[in-house]
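A.B. asks: Below is the file structure-v1.cif, which contains mmCIF, C-alpha atoms.
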data_query
loop_
_atom_site.label_atom_id
_atom_site.label_comp_id
_atom_site.auth_asym_id
_atom_site.auth_seq_id
_atom_site.Cartn_x
_atom_site.Cartn_y
_atom_site.Cartn_z
CA MET A 1 13.18 -72.52 23.77
CA LYS A 2 11.94 -75.46 25.83
CA LEU A 3 14.61 -77.08 27.98
CA THR A 4 14.87 -80.54 29.40
CA VAL A 5 16.59 -81.34 32.70
CA ARG A 6 17.67 -84.96 32.91
CA LYS A 7 19.07 -86.67 35.97
CA ARG A 8 21.98 -88.96 35.12
CA GLN A 9 24.23 -91.28 37.09
CA VAL A 10 27.67 -91.46 35.49
CA GLY A 11 29.51 -94.12 37.44
CA GLU A 12 29.34 -92.86 41.01
CA ILE A 13 28.69 -89.27 39.94
CA PRO A 14 25.11 -87.96 40.07
CA LEU A 15 24.54 -85.02 37.75
CA LEU A 16 21.92 -82.94 36.00
CA GLU A 17 22.07 -82.57 32.21
CA VAL A 18 20.37 -79.45 30.87
CA VAL A 19 19.76 -79.05 27.13
CA SER A 20 17.10 -77.80 24.74
CA GLN A 21 14.53 -80.43 23.82
CA GLU A 22 15.10 -79.65 20.17
CA HIS A 23 18.79 -80.60 20.34
CA VAL A 24 18.76 -83.27 23.02
CA HIS A 25 20.35 -85.87 20.70
CA ASN A 26 22.62 -83.48 18.78
CA ARG A 27 26.30 -82.77 19.21
CA LEU A 28 26.62 -79.46 21.06
CA PRO A 29 29.28 -77.44 22.88
CA LEU A 30 29.51 -78.79 26.43
CA VAL A 31 29.77 -76.79 29.65
CA VAL A 32 30.64 -78.53 32.91
CA TYR A 33 29.55 -76.26 35.75
CA TYR A 34 30.53 -76.90 39.38
CA HIS A 35 28.67 -75.85 42.53
CA GLY A 36 30.22 -74.42 45.68
CA TRP A 37 31.21 -75.72 49.10
CA GLN A 38 28.45 -77.39 51.11
CA THR A 39 25.85 -76.85 48.38
CA ARG A 40 24.71 -79.16 45.56
CA LYS A 41 24.09 -79.37 41.84
CA GLU A 42 20.49 -78.11 42.09
CA LEU A 43 21.74 -74.76 43.37
CA VAL A 44 23.50 -74.04 40.06
CA LEU A 45 20.52 -75.19 37.99
CA THR A 46 19.45 -71.61 37.23
CA GLN A 47 22.90 -71.00 35.75
CA GLY A 48 22.60 -74.28 33.86
CA ARG A 49 19.28 -73.23 32.36
CA LYS A 50 20.66 -69.88 31.24
CA LEU A 51 23.57 -71.61 29.52
CA ALA A 52 21.41 -74.27 27.89
CA ALA A 53 19.02 -71.60 26.59
CA LYS A 54 21.95 -70.24 24.56
CA GLY A 55 22.34 -73.57 22.77
CA MET A 56 24.82 -75.53 24.89
CA ARG A 57 24.66 -78.89 26.64
CA VAL A 58 25.29 -78.31 30.34
CA ILE A 59 26.18 -80.84 32.99
CA LEU A 60 26.01 -80.05 36.71
CA PRO A 61 27.73 -82.72 38.82
CA ASP A 62 27.50 -83.23 42.56
CA ALA A 63 31.00 -82.96 43.97
CA ASP A 64 32.13 -85.74 46.28
CA ASN A 65 30.83 -85.15 49.84
CA HIS A 66 27.96 -83.02 48.47
CA GLY A 67 24.35 -83.39 47.35
CA GLU A 68 23.48 -87.04 46.73
CA ARG A 69 27.02 -87.94 47.75
CA LEU A 70 26.76 -86.15 51.09
CA ARG A 71 28.73 -87.56 54.00
CA PRO A 72 29.62 -86.01 57.34
CA VAL A 73 32.29 -83.32 57.13
CA SER A 74 35.62 -84.48 58.54
CA PRO A 75 36.39 -83.15 62.03
CA ILE A 76 39.82 -82.23 60.63
CA ILE A 77 39.29 -78.68 59.44
CA SER A 78 39.43 -78.23 55.62
CA GLN A 79 40.08 -81.92 54.84
CA THR A 80 36.65 -82.40 53.25
CA PHE A 81 36.92 -79.11 51.36
CA TRP A 82 40.19 -79.98 49.64
CA SER A 83 39.26 -83.61 49.02
CA SER A 84 36.07 -82.42 47.27
CA ILE A 85 38.10 -80.28 44.86
CA TYR A 86 40.56 -83.15 44.37
CA SER A 87 37.71 -85.48 43.40
CA ASN A 88 36.36 -82.94 40.93
CA LEU A 89 39.77 -82.90 39.24
CA PHE A 90 39.91 -86.67 39.13
CA GLU A 91 36.41 -86.98 37.66
CA PHE A 92 36.51 -84.27 34.97
CA GLU A 93 38.04 -86.36 32.19
CA TYR A 94 35.78 -89.30 33.06
CA LEU A 95 32.69 -87.10 32.60
CA LEU A 96 34.02 -85.62 29.39
CA ASN A 97 34.74 -89.02 27.89
CA TYR A 98 31.29 -90.30 28.86
CA PHE A 99 29.54 -87.64 26.79
CA ARG A 100 32.06 -87.96 23.98
CA LYS A 101 31.32 -91.68 23.68
CA LEU A 102 27.63 -90.83 23.38
CA ASN A 103 28.59 -88.48 20.52
CA LEU A 104 26.78 -85.60 22.21
CA VAL A 105 29.55 -82.97 22.29
CA THR A 106 31.61 -80.95 19.84
CA ASP A 107 35.22 -79.95 20.39
CA LYS A 108 34.06 -76.79 22.17
CA ILE A 109 34.37 -77.41 25.92
CA GLY A 110 33.55 -74.87 28.64
CA VAL A 111 34.15 -75.19 32.37
CA GLY A 112 32.84 -72.95 35.10
CA GLY A 113 31.89 -72.85 38.70
CA VAL A 114 31.03 -70.94 41.84
CA SER A 115 33.39 -70.55 44.82
CA MET A 116 34.83 -74.04 45.33
CA GLY A 117 33.64 -74.73 41.78
CA GLY A 118 35.54 -71.68 40.57
CA MET A 119 38.69 -72.99 42.22
CA THR A 120 38.09 -76.33 40.50
CA THR A 121 37.74 -74.49 37.19
CA CYS A 122 41.06 -72.65 37.47
CA ALA A 123 42.83 -75.82 38.59
CA LEU A 124 41.51 -77.77 35.59
CA LEU A 125 42.89 -75.17 33.21
CA THR A 126 46.44 -76.04 34.28
CA GLN A 127 46.09 -79.64 33.04
CA HIS A 128 43.45 -79.72 30.31
CA PRO A 129 44.27 -77.88 27.06
CA GLU A 130 41.04 -79.26 25.56
CA ILE A 131 39.09 -76.68 27.58
CA THR A 132 38.08 -73.88 25.21
CA ALA A 133 36.93 -71.24 27.70
CA ALA A 134 36.25 -70.99 31.42
CA ALA A 135 34.45 -68.89 34.03
CA CYS A 136 35.45 -68.55 37.69
CA VAL A 137 32.78 -66.97 39.88
CA MET A 138 33.94 -66.07 43.42
CA GLY A 139 36.79 -68.58 43.21
CA THR A 140 40.54 -68.11 43.00
CA PRO A 141 43.32 -69.01 40.56
CA SER A 142 45.69 -69.13 43.57
CA PRO A 143 44.79 -72.21 45.66
CA ALA A 144 48.21 -72.29 47.32
CA LYS A 145 47.66 -68.77 48.64
CA TYR A 146 44.17 -69.79 49.76
CA ARG A 147 45.61 -72.85 51.52
CA ASP A 148 48.07 -70.57 53.33
CA TYR A 149 45.25 -68.14 54.13
CA MET A 150 43.29 -70.99 55.73
CA LEU A 151 46.38 -71.98 57.69
CA ARG A 152 46.85 -68.45 59.06
CA ARG A 153 43.17 -68.09 59.82
CA GLY A 154 43.16 -71.42 61.64
CA ALA A 155 46.10 -70.33 63.77
CA GLN A 156 44.34 -67.07 64.65
CA GLU A 157 41.20 -68.94 65.67
CA GLY A 158 43.07 -71.61 67.61
CA VAL A 159 42.17 -74.39 65.16
CA LYS A 160 44.73 -77.20 65.20
CA LEU A 161 45.68 -78.51 61.77
CA PRO A 162 48.04 -81.41 60.99
CA LYS A 163 51.67 -80.33 61.29
CA ASP A 164 52.27 -81.54 57.73
CA PHE A 165 49.18 -79.69 56.42
CA VAL A 166 51.06 -78.00 53.56
CA HIS A 167 52.81 -81.22 52.54
CA LEU A 168 49.53 -83.16 52.55
CA LEU A 169 48.19 -80.63 50.07
CA SER A 170 51.33 -80.49 47.93
CA TRP A 171 49.33 -81.53 44.84
CA ILE A 172 47.96 -77.98 44.84
CA GLU A 173 51.26 -76.63 43.52
CA ASP A 174 50.77 -78.30 40.12
CA TYR A 175 47.16 -77.08 39.88
CA ASP A 176 47.81 -73.47 40.88
CA LEU A 177 47.02 -71.33 37.83
CA SER A 178 48.75 -68.30 39.33
CA ARG A 179 51.99 -70.31 39.42
CA HIS A 180 51.50 -71.75 35.94
CA PRO A 181 49.82 -68.94 33.95
CA GLU A 182 51.46 -70.15 30.74
CA THR A 183 49.09 -73.16 30.76
CA LEU A 184 46.24 -70.79 29.91
CA GLU A 185 47.72 -70.26 26.45
CA GLN A 186 45.48 -67.21 25.99
CA ARG A 187 42.26 -69.17 26.35
CA PRO A 188 39.40 -66.87 27.42
CA LEU A 189 38.82 -66.83 31.17
CA TYR A 190 36.06 -64.82 32.83
CA PHE A 191 36.28 -63.83 36.50
CA TRP A 192 33.52 -62.39 38.68
CA HIS A 193 34.29 -61.42 42.26
CA GLY A 194 32.87 -59.14 44.93
CA ARG A 195 35.19 -56.65 46.59
CA GLN A 196 33.58 -57.41 49.95
CA ASP A 197 33.87 -61.19 49.64
CA GLU A 198 34.27 -62.53 53.18
CA LYS A 199 35.21 -66.10 52.18
CA ILE A 200 37.63 -65.99 49.25
CA PRO A 201 39.81 -62.88 49.12
CA PHE A 202 39.10 -60.52 46.23
CA GLU A 203 42.79 -59.55 46.07
CA GLU A 204 43.86 -62.99 44.84
CA VAL A 205 41.88 -62.59 41.63
CA ALA A 206 42.66 -58.89 41.19
CA SER A 207 46.39 -59.55 41.51
CA PHE A 208 46.30 -62.40 38.97
CA VAL A 209 44.44 -60.28 36.40
CA ASP A 210 46.79 -57.32 36.88
CA LYS A 211 49.89 -59.49 36.44
CA HIS A 212 48.78 -61.11 33.19
CA PRO A 213 47.65 -58.55 30.61
CA GLU A 214 48.96 -60.93 27.93
CA GLN A 215 46.14 -63.37 28.65
CA GLN A 216 42.49 -63.14 27.55
CA LEU A 217 41.11 -62.33 30.99
CA ALA A 218 37.78 -60.62 31.64
CA PHE A 219 37.24 -59.37 35.19
CA ALA A 220 33.85 -58.23 36.45
CA LYS A 221 34.06 -56.80 39.96
CA GLU A 222 31.34 -55.37 42.16
CA ASP A 223 30.88 -54.09 45.70
CA ALA A 224 29.33 -57.38 46.76
CA ARG A 225 29.88 -60.18 49.23
CA HIS A 226 30.03 -63.95 48.61
CA LEU A 227 26.73 -64.22 46.78
CA VAL A 228 25.81 -64.75 43.13
CA GLN A 229 23.19 -62.49 41.58
CA VAL A 230 21.02 -63.39 38.57
CA SER A 231 22.72 -60.65 36.58
CA THR A 232 26.05 -62.44 37.10
CA MET A 233 24.58 -65.68 35.79
CA GLU A 234 23.43 -63.85 32.68
CA GLU A 235 26.93 -62.44 32.18
CA VAL A 236 28.42 -65.92 32.48
CA ALA A 237 25.94 -67.27 29.93
CA ALA A 238 26.72 -64.44 27.52
CA PHE A 239 30.46 -65.10 27.91
CA PHE A 240 30.12 -68.78 27.03
CA GLU A 241 27.78 -67.98 24.16
CA GLN A 242 30.45 -65.70 22.68
CA GLN A 243 33.27 -68.21 23.18
CA LEU A 244 31.63 -71.55 22.36
CA LEU A 245 28.98 -70.85 19.72
#
What is this structure when it is put down as structure tokens?

C.D. replies:
Amino acid sequence: MKLTVRKRQVGEIPLLEVVSQEHVHNRLPLVVYYHGWQTRKELVLTQGRKLAAKGMRVILPDADNHGERLRPVSPIISQTFWSSIYSNLFEFEYLLNYFRKLNLVTDKIGVGGVSMGGMTTCALLTQHPEITAAACVMGTPSPAKYRDYMLRRGAQEGVKLPKDFVHLLSWIEDYDLSRHPETLEQRPLYFWHGRQDEKIPFEEVASFVDKHPEQQLAFAKEDARHLVQVSTMEEVAAFFEQQLL
């Protein structure tokens, strides 16, 4: 299958659209796939190609403060990180509606992402029942716990954060999937995480999966650090193929 990679500008959002040449103008299941912290859309293009080769339309946006939207990271530790996720959440429906108006998508919608993109994915599930299936790679469904982890780590390292740090990030409570597991409504959710992950704790995902056997959760775990292998990308593509096609 020959694929086409098209660069689009949707409002202020630069993205890559990956789709088979044969079906470029057809309505297809859509997967929105988010990159990680301090990377860019091109670094998830291999994943995008593997998904598109299965017969899906894939869009890979640059998060705010990343890629073509790159700006200096705030000197206030973690401000840019959380504002990037916040912008992803704001922009999701806008992107979805753009491709719907072009009549290029079916009612099958997938969302996935790596690290920060995985956190975005889990957060979106709390508010968007139109999402059919999702994949979180090296992210966490527990952003409030991760916020608190960053706070503790900052204190240990002598990093000064605003005294109202938790209050400034209070929006996280409503987007924390671990606190609102009922919003999943048994939609399929695939997790991949390395036991030796040095950036996002493995235990946050493991605990969530263990607590919710009533949900359709798949959990692939390996003795790996914070790095995505090609085999993982193939597993993600196979998951979405099963759920969206």

A.B. asks: Measuring between all atoms listed in the file, which one of A:Leu168, A:Val230, A:Leu51, A:Val209 shows the shortest distance to Gln242 in chain A?

C.D. replies: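 Distance minimum relative to Gln242 in chain A lands on A:Leu51.
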
A.B. asks: Which residue, A:Leu227, A:Val5, A:Met116, A:Leu45, has the smallest gap to Tyr86 in chain A when you use only C-alpha atoms?

C.D. replies: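 Counting only C-alpha atoms, the residue closest to Tyr86 in chain A is A:Met116.
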
A.B. asks: A:Glu12, A:Glu241, A:Glu203, A:Glu22: which is nearest Ala63 in chain A, counting only C-alpha atoms?

C.D. replies: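 The answer is A:Glu12, which sits nearest to Ala63 in chain A.
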
A.B. asks: Please determine, counting all atoms listed in the file, which residue among A:Val24, A:Leu15, A:Leu89, A:Val32 has the shortest atom-to-atom distance to Arg69 in chain A.

C.D. replies: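 Ranked by minimum distance to Arg69 in chain A, first place goes to A:Leu15.
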
A.B. asks: With only C-alpha atoms as the counted atoms, please give the residues lying no more than 9 Å from range 108-111 of chain A, apart from itself and same-chain residues fewer than 4 positions off, as a PyMOL selection string.

C.D. replies: chain A and resi 28-34+96+121-122+124-125+130-136+240+243-245

A.B. asks: Work out how far CA of Gly48 in chain A is from CA of Gly118 in chain A, in Å to one decimal.

C.D. replies: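 Separating CA of Gly118 in chain A from CA of Gly48 in chain A is a distance of 14.8 Å.
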
A.B. asks: Taking only C-alpha atoms into account, name the residue in A:Leu95, A:Ser84, A:Gln216, A:Leu70 that is nearest to Gln9 in chain A.

C.D. replies: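 The answer is A:Leu95, which sits nearest to Gln9 in chain A.
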
A.B. asks: Name the residues captured by the PyMOL selection byres ((chain A and resi 40) around 8) when it is applied to the shown file; answer as JSON, numbers by chain.

C.D. replies: {"A": [35, 36, 38, 39, 41, 42, 43, 44, 62, 63, 66, 67]}

A.B. asks: Please save C-alpha atoms of the selected residues as a compact mmCIF listing (two decimals), keeping the file's coordinate frame.

C.D. replies:
# COMPACT_ATOMS: atom_id res chain seq x y z
CA HIS A 35 28.67 -75.85 42.53
CA GLY A 36 30.22 -74.42 45.68
CA GLN A 38 28.45 -77.39 51.11
CA THR A 39 25.85 -76.85 48.38
CA LYS A 41 24.09 -79.37 41.84
CA GLU A 42 20.49 -78.11 42.09
CA LEU A 43 21.74 -74.76 43.37
CA VAL A 44 23.50 -74.04 40.06
CA ASP A 62 27.50 -83.23 42.56
CA ALA A 63 31.00 -82.96 43.97
CA HIS A 66 27.96 -83.02 48.47
CA GLY A 67 24.35 -83.39 47.35

A.B. asks: Evaluated on this file, the PyMOL selection byres ((chain A and resi 234) around 12) picks out some residues - which ones are they, written as a list in words?

C.D. replies: Thr46, Gln47, Gly48, Arg49, Lys50, Leu51, Ala52, Ala53, Lys54, Trp192, Val228, Gln229, Val230, Ser231, Thr232, Met233, Glu235, Val236, Ala237, Ala238, Phe239, Phe240 and Glu241 of chain A

A.B. asks: Just how far from CA of Tyr149 in chain A is CA of Ala206 in chain A, in Å to one decimal?

C.D. replies: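 Interatomic distance, CA of Ala206 in chain A to CA of Tyr149 in chain A: 16.1 Å.
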
A.B. asks: Could you tell me which residues the PyMOL selection byres ((chain A and resi 195-201) around 12) grabs in this file, written as a PyMOL selection string?

C.D. replies: chain A and resi 36-37+114-116+118-119+137-143+145-147+149-150+153+192-194+202-207+219-228

A.B. asks: Mind giving me the straight-line distance from CA of Asp164 in chain A to CA of Pro72 in chain A in Å, one decimal?

C.D. replies: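 One can read the CA of Asp164 in chain A to CA of Pro72 in chain A distance as 23.1 Å.
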